Each structure stands twice: as structure tokens, then as C-alpha cells.
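Peer 1: Take a look at coords-v2.cif, mmCIF, C-alpha atoms and all ligand atoms:
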data_work
#
loop_
_atom_site.group_PDB
_atom_site.id
_atom_site.type_symbol
_atom_site.label_atom_id
_atom_site.label_comp_id
_atom_site.auth_asym_id
_atom_site.auth_seq_id
_atom_site.Cartn_x
_atom_site.Cartn_y
_atom_site.Cartn_z
ATOM 1 C CA MET D 1 -37.943 -79.749 -32.329
ATOM 2 C CA ILE D 2 -36.835 -79.580 -35.940
ATOM 3 C CA ALA D 3 -36.063 -76.133 -37.395
ATOM 4 C CA ILE D 4 -36.244 -75.527 -41.141
ATOM 5 C CA ASP D 5 -35.201 -72.167 -42.611
ATOM 6 C CA GLY D 6 -34.499 -70.922 -46.111
ATOM 7 C CA PRO D 7 -35.545 -68.444 -48.785
ATOM 8 C CA ALA D 8 -38.832 -68.441 -50.743
ATOM 9 C CA GLY D 9 -39.491 -71.654 -52.663
ATOM 10 C CA SER D 10 -36.560 -73.554 -51.148
ATOM 11 C CA GLY D 11 -38.833 -76.497 -50.248
ATOM 12 C CA LYS D 12 -39.411 -75.915 -46.528
ATOM 13 C CA SER D 13 -43.122 -76.817 -46.405
ATOM 14 C CA THR D 14 -42.777 -79.919 -48.578
ATOM 15 C CA LEU D 15 -39.917 -81.268 -46.468
ATOM 16 C CA GLY D 16 -41.551 -80.168 -43.198
ATOM 17 C CA THR D 17 -44.776 -82.011 -43.986
ATOM 18 C CA ALA D 18 -42.956 -85.176 -45.053
ATOM 19 C CA LEU D 19 -40.694 -85.185 -41.976
ATOM 20 C CA ALA D 20 -43.589 -84.539 -39.601
ATOM 21 C CA ARG D 21 -45.508 -87.452 -41.076
ATOM 22 C CA ARG D 22 -42.553 -89.800 -40.612
ATOM 23 C CA LEU D 23 -41.814 -88.636 -37.073
ATOM 24 C CA ASP D 24 -45.443 -88.191 -36.029
ATOM 25 C CA LEU D 25 -44.890 -84.545 -35.131
ATOM 26 C CA SER D 26 -47.017 -81.428 -35.658
ATOM 27 C CA THR D 27 -45.894 -78.802 -38.180
ATOM 28 C CA LEU D 28 -45.965 -75.035 -37.980
ATOM 29 C CA ASP D 29 -45.555 -72.819 -41.034
ATOM 30 C CA THR D 30 -44.489 -69.567 -39.336
ATOM 31 C CA GLY D 31 -44.663 -67.826 -42.735
ATOM 32 C CA ALA D 32 -48.444 -68.286 -42.548
ATOM 33 C CA SER D 33 -48.474 -66.372 -39.244
ATOM 34 C CA TYR D 34 -46.679 -63.378 -40.839
ATOM 35 C CA ARG D 35 -48.931 -63.667 -43.891
ATOM 36 C CA ALA D 36 -52.088 -63.698 -41.721
ATOM 37 C CA VAL D 37 -50.972 -60.523 -39.959
ATOM 38 C CA ALA D 38 -50.217 -58.858 -43.311
ATOM 39 C CA ALA D 39 -53.655 -59.905 -44.630
ATOM 40 C CA GLU D 40 -55.416 -58.537 -41.537
ATOM 41 C CA ALA D 41 -53.441 -55.271 -41.608
ATOM 42 C CA LEU D 42 -54.478 -54.748 -45.248
ATOM 43 C CA HIS D 43 -58.063 -55.745 -44.420
ATOM 44 C CA GLN D 44 -58.195 -53.136 -41.648
ATOM 45 C CA GLY D 45 -56.573 -50.498 -43.859
ATOM 46 C CA LEU D 46 -53.533 -50.067 -41.586
ATOM 47 C CA ASN D 47 -50.310 -48.485 -42.786
ATOM 48 C CA ILE D 48 -48.087 -51.586 -43.052
ATOM 49 C CA HIS D 49 -44.976 -49.391 -42.672
ATOM 50 C CA ASP D 50 -46.116 -48.406 -39.180
ATOM 51 C CA GLY D 51 -44.559 -51.144 -37.013
ATOM 52 C CA HIS D 52 -46.257 -49.933 -33.854
ATOM 53 C CA ALA D 53 -49.730 -50.017 -35.414
ATOM 54 C CA VAL D 54 -49.193 -53.512 -36.854
ATOM 55 C CA ALA D 55 -47.715 -54.787 -33.562
ATOM 56 C CA SER D 56 -50.744 -53.462 -31.704
ATOM 57 C CA LEU D 57 -52.959 -55.312 -34.181
ATOM 58 C CA VAL D 58 -51.102 -58.590 -33.440
ATOM 59 C CA GLU D 59 -51.387 -57.986 -29.708
ATOM 60 C CA HIS D 60 -55.167 -57.701 -29.977
ATOM 61 C CA SER D 61 -55.736 -60.517 -32.481
ATOM 62 C CA THR D 62 -56.504 -64.207 -32.174
ATOM 63 C CA LEU D 63 -54.555 -66.412 -34.553
ATOM 64 C CA GLU D 64 -54.829 -70.024 -35.655
ATOM 65 C CA VAL D 65 -52.385 -71.628 -38.098
ATOM 66 C CA GLY D 66 -52.918 -75.198 -39.240
ATOM 67 C CA ASP D 67 -54.891 -76.757 -42.063
ATOM 68 C CA ARG D 68 -56.696 -73.406 -42.203
ATOM 69 C CA THR D 69 -55.290 -70.016 -41.245
ATOM 70 C CA ILE D 70 -57.730 -67.933 -39.210
ATOM 71 C CA ILE D 71 -57.201 -64.458 -37.782
ATOM 72 C CA ASN D 72 -59.816 -62.784 -35.593
ATOM 73 C CA GLY D 73 -62.276 -65.478 -36.661
ATOM 74 C CA ARG D 74 -61.778 -64.727 -40.370
ATOM 75 C CA ASP D 75 -60.560 -67.600 -42.567
ATOM 76 C CA VAL D 76 -57.682 -66.139 -44.614
ATOM 77 C CA THR D 77 -56.304 -69.457 -45.962
ATOM 78 C CA ALA D 78 -56.659 -68.335 -49.607
ATOM 79 C CA GLU D 79 -56.092 -64.627 -49.012
ATOM 80 C CA ILE D 80 -52.621 -65.129 -47.508
ATOM 81 C CA ARG D 81 -51.378 -66.377 -50.919
ATOM 82 C CA SER D 82 -52.692 -63.302 -52.823
ATOM 83 C CA ASP D 83 -50.488 -60.821 -54.698
ATOM 84 C CA ALA D 84 -51.341 -58.128 -52.168
ATOM 85 C CA VAL D 85 -50.102 -60.270 -49.272
ATOM 86 C CA ASN D 86 -47.014 -61.450 -51.199
ATOM 87 C CA THR D 87 -46.110 -57.789 -51.623
ATOM 88 C CA ALA D 88 -46.909 -56.704 -48.053
ATOM 89 C CA VAL D 89 -45.645 -59.618 -45.959
ATOM 90 C CA SER D 90 -41.905 -58.874 -45.951
ATOM 91 C CA ILE D 91 -42.578 -55.258 -44.974
ATOM 92 C CA VAL D 92 -44.768 -56.381 -42.073
ATOM 93 C CA ALA D 93 -42.220 -59.049 -41.032
ATOM 94 C CA ALA D 94 -39.345 -56.555 -40.897
ATOM 95 C CA HIS D 95 -40.776 -54.771 -37.820
ATOM 96 C CA GLN D 96 -39.052 -55.986 -34.643
ATOM 97 C CA GLU D 97 -42.133 -55.280 -32.521
ATOM 98 C CA VAL D 98 -44.318 -57.426 -34.787
ATOM 99 C CA ARG D 99 -41.764 -60.243 -34.652
ATOM 100 C CA ASP D 100 -41.592 -60.101 -30.845
ATOM 101 C CA HIS D 101 -45.312 -60.832 -30.589
ATOM 102 C CA LEU D 102 -45.297 -63.539 -33.256
ATOM 103 C CA VAL D 103 -42.210 -65.255 -31.832
ATOM 104 C CA SER D 104 -43.974 -65.480 -28.431
ATOM 105 C CA TRP D 105 -46.996 -66.924 -30.198
ATOM 106 C CA GLN D 106 -44.775 -69.480 -32.024
ATOM 107 C CA ARG D 107 -43.093 -70.538 -28.757
ATOM 108 C CA ARG D 108 -46.487 -70.997 -27.106
ATOM 109 C CA TRP D 109 -47.585 -73.122 -30.075
ATOM 110 C CA ALA D 110 -44.504 -75.338 -29.623
ATOM 111 C CA ASP D 111 -45.183 -75.705 -25.889
ATOM 112 C CA GLU D 112 -48.769 -76.723 -26.549
ATOM 113 C CA HIS D 113 -47.747 -79.243 -29.237
ATOM 114 C CA ASP D 114 -44.723 -80.659 -27.409
ATOM 115 C CA GLY D 115 -42.373 -79.458 -30.136
ATOM 116 C CA GLY D 116 -42.764 -80.111 -33.838
ATOM 117 C CA VAL D 117 -41.354 -79.339 -37.247
ATOM 118 C CA ILE D 118 -41.222 -75.561 -37.486
ATOM 119 C CA GLU D 119 -40.324 -73.676 -40.651
ATOM 120 C CA GLY D 120 -39.558 -70.064 -41.410
ATOM 121 C CA ARG D 121 -36.637 -67.655 -41.723
ATOM 122 C CA ASP D 122 -35.297 -67.295 -38.159
ATOM 123 C CA ILE D 123 -36.318 -70.555 -36.502
ATOM 124 C CA GLY D 124 -32.831 -72.040 -35.972
ATOM 125 C CA SER D 125 -31.198 -68.657 -35.341
ATOM 126 C CA VAL D 126 -33.691 -66.915 -33.029
ATOM 127 C CA VAL D 127 -36.916 -68.764 -32.213
ATOM 128 C CA PHE D 128 -35.623 -72.267 -31.357
ATOM 129 C CA PRO D 129 -31.797 -72.207 -31.367
ATOM 130 C CA GLU D 130 -31.944 -75.352 -29.185
ATOM 131 C CA ALA D 131 -33.706 -77.424 -31.905
ATOM 132 C CA ALA D 132 -32.540 -81.061 -32.212
ATOM 133 C CA ILE D 133 -31.627 -80.411 -35.818
ATOM 134 C CA LYS D 134 -31.497 -77.205 -37.864
ATOM 135 C CA LEU D 135 -31.855 -77.380 -41.631
ATOM 136 C CA TYR D 136 -31.092 -74.535 -43.998
ATOM 137 C CA LEU D 137 -32.615 -75.219 -47.414
ATOM 138 C CA THR D 138 -31.467 -73.594 -50.638
ATOM 139 C CA ALA D 139 -32.259 -74.113 -54.322
ATOM 140 C CA ASP D 140 -31.264 -72.426 -57.580
ATOM 141 C CA PRO D 141 -33.176 -69.174 -58.180
ATOM 142 C CA GLU D 142 -34.699 -70.552 -61.420
ATOM 143 C CA GLU D 143 -36.023 -73.611 -59.591
ATOM 144 C CA ARG D 144 -37.376 -71.508 -56.723
ATOM 145 C CA ALA D 145 -39.131 -69.231 -59.226
ATOM 146 C CA ARG D 146 -40.610 -72.293 -60.938
ATOM 147 C CA ARG D 147 -42.033 -73.457 -57.567
ATOM 148 C CA ARG D 148 -43.514 -69.982 -56.970
ATOM 149 C CA ALA D 149 -44.716 -69.425 -60.555
ATOM 150 C CA GLU D 150 -47.754 -67.314 -59.533
ATOM 151 C CA GLU D 151 -45.527 -64.862 -57.682
ATOM 152 C CA GLY D 152 -42.804 -64.645 -60.316
ATOM 153 C CA ILE D 153 -39.038 -64.352 -60.109
ATOM 154 C CA GLU D 154 -39.054 -60.591 -59.350
ATOM 155 C CA GLY D 155 -41.506 -61.067 -56.502
ATOM 156 C CA ILE D 156 -39.502 -63.743 -54.709
ATOM 157 C CA ALA D 157 -36.209 -61.916 -55.369
ATOM 158 C CA ARG D 158 -37.683 -58.803 -53.769
ATOM 159 C CA ARG D 159 -38.913 -60.740 -50.705
ATOM 160 C CA ASP D 160 -35.574 -62.517 -50.340
ATOM 161 C CA ARG D 161 -33.758 -59.176 -50.523
ATOM 162 C CA ILE D 162 -35.938 -57.580 -47.825
ATOM 163 C CA ASP D 163 -35.816 -60.713 -45.629
ATOM 164 C CA SER D 164 -32.006 -61.042 -45.839
ATOM 165 C CA THR D 165 -31.106 -57.391 -45.324
ATOM 166 C CA ARG D 166 -33.508 -56.345 -42.537
ATOM 167 C CA THR D 167 -31.995 -55.673 -39.106
ATOM 168 C CA ALA D 168 -34.625 -57.711 -37.193
ATOM 169 C CA SER D 169 -33.731 -61.429 -37.391
ATOM 170 C CA PRO D 170 -32.580 -61.479 -41.023
ATOM 171 C CA LEU D 171 -32.793 -64.694 -43.028
ATOM 172 C CA MET D 172 -29.534 -66.588 -42.483
ATOM 173 C CA ALA D 173 -28.148 -70.054 -41.961
ATOM 174 C CA ALA D 174 -28.154 -70.535 -38.163
ATOM 175 C CA GLU D 175 -25.003 -71.578 -36.348
ATOM 176 C CA GLY D 176 -24.798 -75.364 -36.435
ATOM 177 C CA SER D 177 -27.314 -75.680 -39.262
ATOM 178 C CA TRP D 178 -27.076 -78.205 -42.064
ATOM 179 C CA ALA D 179 -27.377 -76.677 -45.535
ATOM 180 C CA ILE D 180 -29.208 -78.776 -48.107
ATOM 181 C CA ASP D 181 -29.570 -77.818 -51.771
ATOM 182 C CA THR D 182 -33.007 -79.105 -52.820
ATOM 183 C CA THR D 183 -32.744 -78.127 -56.513
ATOM 184 C CA SER D 184 -32.613 -81.669 -57.809
ATOM 185 C CA LEU D 185 -32.944 -83.845 -54.700
ATOM 186 C CA PRO D 186 -36.284 -85.632 -54.327
ATOM 187 C CA VAL D 187 -37.986 -84.962 -51.009
ATOM 188 C CA THR D 188 -38.024 -88.687 -50.115
ATOM 189 C CA GLN D 189 -34.231 -88.731 -50.307
ATOM 190 C CA ILE D 190 -33.860 -85.620 -48.135
ATOM 191 C CA VAL D 191 -36.205 -87.175 -45.543
ATOM 192 C CA GLU D 192 -33.995 -90.291 -45.379
ATOM 193 C CA MET D 193 -30.834 -88.132 -45.043
ATOM 194 C CA VAL D 194 -32.364 -86.140 -42.192
ATOM 195 C CA LEU D 195 -33.693 -89.225 -40.362
ATOM 196 C CA GLU D 196 -30.260 -90.820 -40.571
ATOM 197 C CA ARG D 197 -28.598 -87.664 -39.241
ATOM 198 C CA LEU D 198 -31.148 -87.477 -36.402
ATOM 199 C CA GLU D 199 -30.421 -91.070 -35.397
ATOM 200 C CA HIS D 200 -26.693 -90.308 -35.206
ATOM 201 C CA THR D 201 -27.361 -87.119 -33.248
ATOM 202 C CA GLU D 202 -29.454 -89.030 -30.715
ATOM 203 C CA GLU D 203 -26.827 -91.785 -30.400
ATOM 204 C CA GLY D 204 -24.155 -89.164 -29.824
ATOM 205 C CA GLN D 205 -26.016 -87.558 -26.912
HETATM 206 O O1 LIG P 1 -43.313 -70.095 -48.584
HETATM 207 P P1 LIG P 1 -42.324 -68.996 -48.782
HETATM 208 O O2 LIG P 1 -40.947 -69.424 -48.415
HETATM 209 O O3 LIG P 1 -42.408 -68.334 -50.109
HETATM 210 O O4 LIG P 1 -42.706 -67.831 -47.754
HETATM 211 P P2 LIG P 1 -43.322 -67.975 -46.300
HETATM 212 O O5 LIG P 1 -42.583 -68.987 -45.502
HETATM 213 O O6 LIG P 1 -44.788 -68.105 -46.432
HETATM 214 O O7 LIG P 1 -42.986 -66.550 -45.632
HETATM 215 C C1 LIG P 1 -43.561 -65.352 -46.104
HETATM 216 C C2 LIG P 1 -42.768 -64.185 -45.550
HETATM 217 O O8 LIG P 1 -42.921 -64.130 -44.126
HETATM 218 C C3 LIG P 1 -41.271 -64.216 -45.774
HETATM 219 O O9 LIG P 1 -40.908 -63.696 -47.037
HETATM 220 C C4 LIG P 1 -40.759 -63.358 -44.623
HETATM 221 O O10 LIG P 1 -40.866 -61.978 -44.925
HETATM 222 C C5 LIG P 1 -41.737 -63.664 -43.502
HETATM 223 N N1 LIG P 1 -41.245 -64.642 -42.535
HETATM 224 C C6 LIG P 1 -40.372 -64.218 -41.569
HETATM 225 O O11 LIG P 1 -39.944 -63.071 -41.579
HETATM 226 N N2 LIG P 1 -39.972 -65.066 -40.578
HETATM 227 C C7 LIG P 1 -40.407 -66.324 -40.534
HETATM 228 N N3 LIG P 1 -40.021 -67.130 -39.545
HETATM 229 C C8 LIG P 1 -41.281 -66.805 -41.556
HETATM 230 C C9 LIG P 1 -41.675 -65.943 -42.552
#
Give the structure from this file in C-alpha cells form.
Peer 2:
Amino acid sequence: MIAIDGPAGSGKSTLGTALARRLDLSTLDTGASYRAVAAEALHQGLNIHDGHAVASLVEHSTLEVGDRTIINGRDVTAEIRSDAVNTAVSIVAAHQEVRDHLVSWQRRWADEHDGGVIEGRDIGSVVFPEAAIKLYLTADPEERARRRAEEGIEGIARRDRIDSTRTASPLMAAEGSWAIDTTSLPVTQIVEMVLERLEHTEEGQ
């Protein structure tokens, strides 16, 4: 199990995909699971501020996250990157009850896939604190905004603020995590650094 956390545009998916390829592991973008729930809540016209209503929706939904993201049989792969979902997702993700259901779903996914590279906001701190290695990615705000150009600097700053200040599993560097600034490091170099660290960790066990 490899946990990758960090704010919006810090490079989690790019690194996660590259690491998974090298280690022949599956990857899970837990952000897509929160985004799918936000998309479905909007689709059904729910009040996204009502944690109980959104949690009940998750409880009664089927969810698939992979190459395509599908909720209740509806392919929302494109929709989860829309402005409406960008704006709603952090509100939906701040509800403890919603997180409880999605964290159970994420743990089941990991069981079924025999572990994997899992990225999000609370993976090393809450979902898989026992991960073999926990990475906490950062990057300069200007660079993160450049990587999320469609959303814009205000949009990602707003999400980061909500994600870091909520009471339910706020975004933070987990205990024992390794912070990596990805602003000007090529992904190939970060992959090599992580593989080397993993080898040492395994030798040390
Ligand atoms: O790709 P980016 O970092 O911009 O965002 P994402 O990983 O798709 O996550 C979208 C939103 O889902 C975040 O802003 C959080 O509000 C929420 N999220 C979360 O609360 N916990 C996670 N483990 C993953 C995402």
C-alpha cells in the first residue's frame, strides 16, 4: 500500500500512475469517488449542505472508479471535472457521514485489489495509516494553478481552504509521511527517489 496525499494540483495522480506502473499495482483516485458523489447529488437535486441526505445517497449507490467513473450506472467521467462539481465537491467531502461510507468503500477496494497506490487527502492519516510508504506532495501555488488552469487559482485556493480547515479528516501531512515538493522535480526523478526509499524500508524490516 502506497499512500499519496496533498493539495489540489500537487501531482498526486501523475506520480500515482507512474509508481503503479513501475510496481505493477492498481491505483485508486479517491478524489474521483468524492467527485462522483458530488456529481450524483447535484444530478438528483439534493441539498449538498445536508450531510445526512448525501450520506444516504452514498449508502444506496453503486460506485465504480477506474478508467471510467460510474455511479448508479451513469458514466460521470467527464462530469466530475465540471465547474459545478469543482465547486460542490469540497462541501460534500466535509461531511463526516459521507466520508465514513466512502472510506469503507475505499478499504473494500484495497482488499479486492490486494493493496495499491491510493491518493487523496486523508489516505496516510486516516484511511491507510499502515501504508508501506506515505507521501505528502506539495508544489508552489502558481505551479498548482497552472496544472489546474481550467479551475483557476481562486477555485483551487477555495478547495484547499475548505479541505484543510474542516473538522472531518482535514488535509494534512500524516505522521511519518515524506514531504516532496514537486514544483520543479520531473516525475521520473520522484519515482526513482520513492523506489529507492521503498527498497531501504523493505531491507530495514
Ligand atoms: O485532483 P485534485 O487534487 O485537484 O482533487 P481531487 O483529488 O480530485 O479531490 C477533489 C476533492 O475531493 C478535494 O478537494 C477534497 O474536497 C475531496 N477529497 C477528500 O476530501 N478526501 C480524499 N481522500 C480525496 C478527495
Peer 1: Would you write out, as a list in words, every residue that the PyMOL selection byres (((not hetatm)) within 6 of (chain P and resi 1)) captures in this file?
Peer 2: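 Taken over the shown coordinates, the PyMOL selection byres (((not hetatm)) within 6 of (chain P and resi 1)) returns Pro7, Ala8, Gly9, Thr30, Gly31, Ala32, Tyr34, Val89, Ser90, Ala93, Gly120, Arg121, Asp122, Ile123, Arg159 and Asp163 of chain D.
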Peer 1: For C-alpha atoms, I'd like the residues from the last selection saved as a tab-separated table (two decimals), in the frame of the given file.
Peer 2:
chain	number	residue	atom	x	y	z
D	7	PRO	CA	-35.54	-68.44	-48.78
D	8	ALA	CA	-38.83	-68.44	-50.74
D	9	GLY	CA	-39.49	-71.65	-52.66
D	30	THR	CA	-44.49	-69.57	-39.34
D	31	GLY	CA	-44.66	-67.83	-42.74
D	32	ALA	CA	-48.44	-68.29	-42.55
D	34	TYR	CA	-46.68	-63.38	-40.84
D	89	VAL	CA	-45.64	-59.62	-45.96
D	90	SER	CA	-41.90	-58.87	-45.95
D	93	ALA	CA	-42.22	-59.05	-41.03
D	120	GLY	CA	-39.56	-70.06	-41.41
D	121	ARG	CA	-36.64	-67.66	-41.72
D	122	ASP	CA	-35.30	-67.30	-38.16
D	123	ILE	CA	-36.32	-70.56	-36.50
D	159	ARG	CA	-38.91	-60.74	-50.70
D	163	ASP	CA	-35.82	-60.71	-45.63
Peer 1: Residue by residue, what does the PyMOL selection byres (((chain D and resi 162) around 12) and not hetatm) grab here? Present the result as JSON, numbers by chain.
Peer 2: {"D": [7, 8, 87, 88, 89, 90, 91, 92, 93, 94, 95, 121, 155, 156, 157, 158, 159, 160, 161, 163, 164, 165, 166, 167, 168, 169, 170, 171]}
Peer 1: For each of D:Arg99, D:Arg68, D:His43, D:Arg21, take the minimum atom-to-atom distance to Ala55 (chain D), counting all atoms listed in the file, then give the residue where this is smallest.
Peer 2: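 Distance minimum relative to Ala55 (chain D) lands on D:Arg99.
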Peer 1: To one decimal in Å, tell me the separation between CA of Leu25 (chain D) and CA of Val187 (chain D).
Peer 2: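 Taking CA of Leu25 (chain D) and CA of Val187 (chain D), their separation equals 17.3 Å.
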Peer 1: Can you work out which one of D:Ala131, D:Val117, D:Met1, D:Ala179 has the shortest atom-to-atom distance to Ala18 (chain D), counting all atoms listed in the file?
Peer 2: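 Of all the options, D:Val117 lies closest to Ala18 (chain D).
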Peer 1: Expressed in Å to a single decimal, how great is the separation between CA of Ser10 (chain D) and CA of Val76 (chain D)?
Peer 2: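 Separation of CA of Ser10 (chain D) and CA of Val76 (chain D): 23.3 Å.
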Peer 1: Padding of 8 Å on every side, edges along x, y and z, all listed atoms of region 66-73 of chain D included: what centre and edge lengths in Å, to one decimal, does that box have, as AutoDock Vina command-line options?
Peer 2:
--center_x -57.6 --center_y -69.8 --center_z -38.9 --size_x 25.4 --size_y 30.0 --size_z 22.6
Peer 1: Under the rule that all atoms listed in the file are counted, which of D:Gly6, D:Gly16, D:Pro186, D:Gly11 is the nearest residue to Arg146 (chain D)?
Peer 2: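 Counting all atoms listed in the file, the residue closest to Arg146 (chain D) is D:Gly11.
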Peer 1: Distance CA of Thr62 (chain D)-CA of Ser82 (chain D), one decimal place?
Peer 2: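 Between these atoms lies a distance of 21.0 Å.
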Peer 1: Please enumerate the residues selected by the PyMOL selection byres (((chain D and resi 116) around 8) and not hetatm) when evaluated against the supplied file, formatted as a list in words.
Peer 2: Met1, Ile2, Ala20, Leu25, Ser26, Thr27, Leu28, Ala110, His113, Asp114, Gly115, Val117 and Ile118 of chain D
Peer 1: Using only C-alpha atoms, can you tell me which of D:Glu79, D:Glu150, D:Asp67, D:Glu175 comes closest to Ser125 (chain D)?
Peer 2: D:Glu175
Peer 1: Restricting the calculation to all atoms listed in the file: of D:Ile48, D:Leu135, D:Ala53, D:Ala149, which residue gets closest to Lys12 (chain D)?
Peer 2: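 Answer, going by the shortest atom-to-atom distance: D:Leu135.
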Peer 1: Go through D:Asn47, D:Asn86, D:Gln106, D:Arg81 one by one, measure the shortest atom-to-atom distance of each to Glu64 (chain D) using only C-alpha atoms, and give the residue with the smallest value.
Peer 2: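 Comparing D:Asn47, D:Asn86, D:Gln106, D:Arg81 against Glu64 (chain D), the winner is D:Gln106.
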Peer 1: Excluding Ser33 (chain D) and any residue of its chain fewer than 4 positions from it, enumerate the residues within 10 Å of it, using all atoms listed in the file, and give them as a ChimeraX atom specification.
Peer 2: /D:28-29,37-39,63-66,69-71,80,89,93,102-103,105-106,120
Peer 1: Write the selection just made, keeping C-alpha atoms, as a compact mmCIF listing (two decimals), in the coordinates of the input?
Peer 2:
# COMPACT_ATOMS: atom_id res chain seq x y z
CA LEU D 28 -45.96 -75.04 -37.98
CA ASP D 29 -45.56 -72.82 -41.03
CA VAL D 37 -50.97 -60.52 -39.96
CA ALA D 38 -50.22 -58.86 -43.31
CA ALA D 39 -53.66 -59.90 -44.63
CA LEU D 63 -54.56 -66.41 -34.55
CA GLU D 64 -54.83 -70.02 -35.66
CA VAL D 65 -52.38 -71.63 -38.10
CA GLY D 66 -52.92 -75.20 -39.24
CA THR D 69 -55.29 -70.02 -41.24
CA ILE D 70 -57.73 -67.93 -39.21
CA ILE D 71 -57.20 -64.46 -37.78
CA ILE D 80 -52.62 -65.13 -47.51
CA VAL D 89 -45.64 -59.62 -45.96
CA ALA D 93 -42.22 -59.05 -41.03
CA LEU D 102 -45.30 -63.54 -33.26
CA VAL D 103 -42.21 -65.26 -31.83
CA TRP D 105 -47.00 -66.92 -30.20
CA GLN D 106 -44.78 -69.48 -32.02
CA GLY D 120 -39.56 -70.06 -41.41
Peer 1: Within 7 Å of (-34.2, -67.3, -64.0) (coordinates as in the file), grab all the protein and nucleic acid residues, counting all atoms listed in the file, and write them out as a list in words.
Peer 2: Pro141, Glu142 and Ile153 of chain D
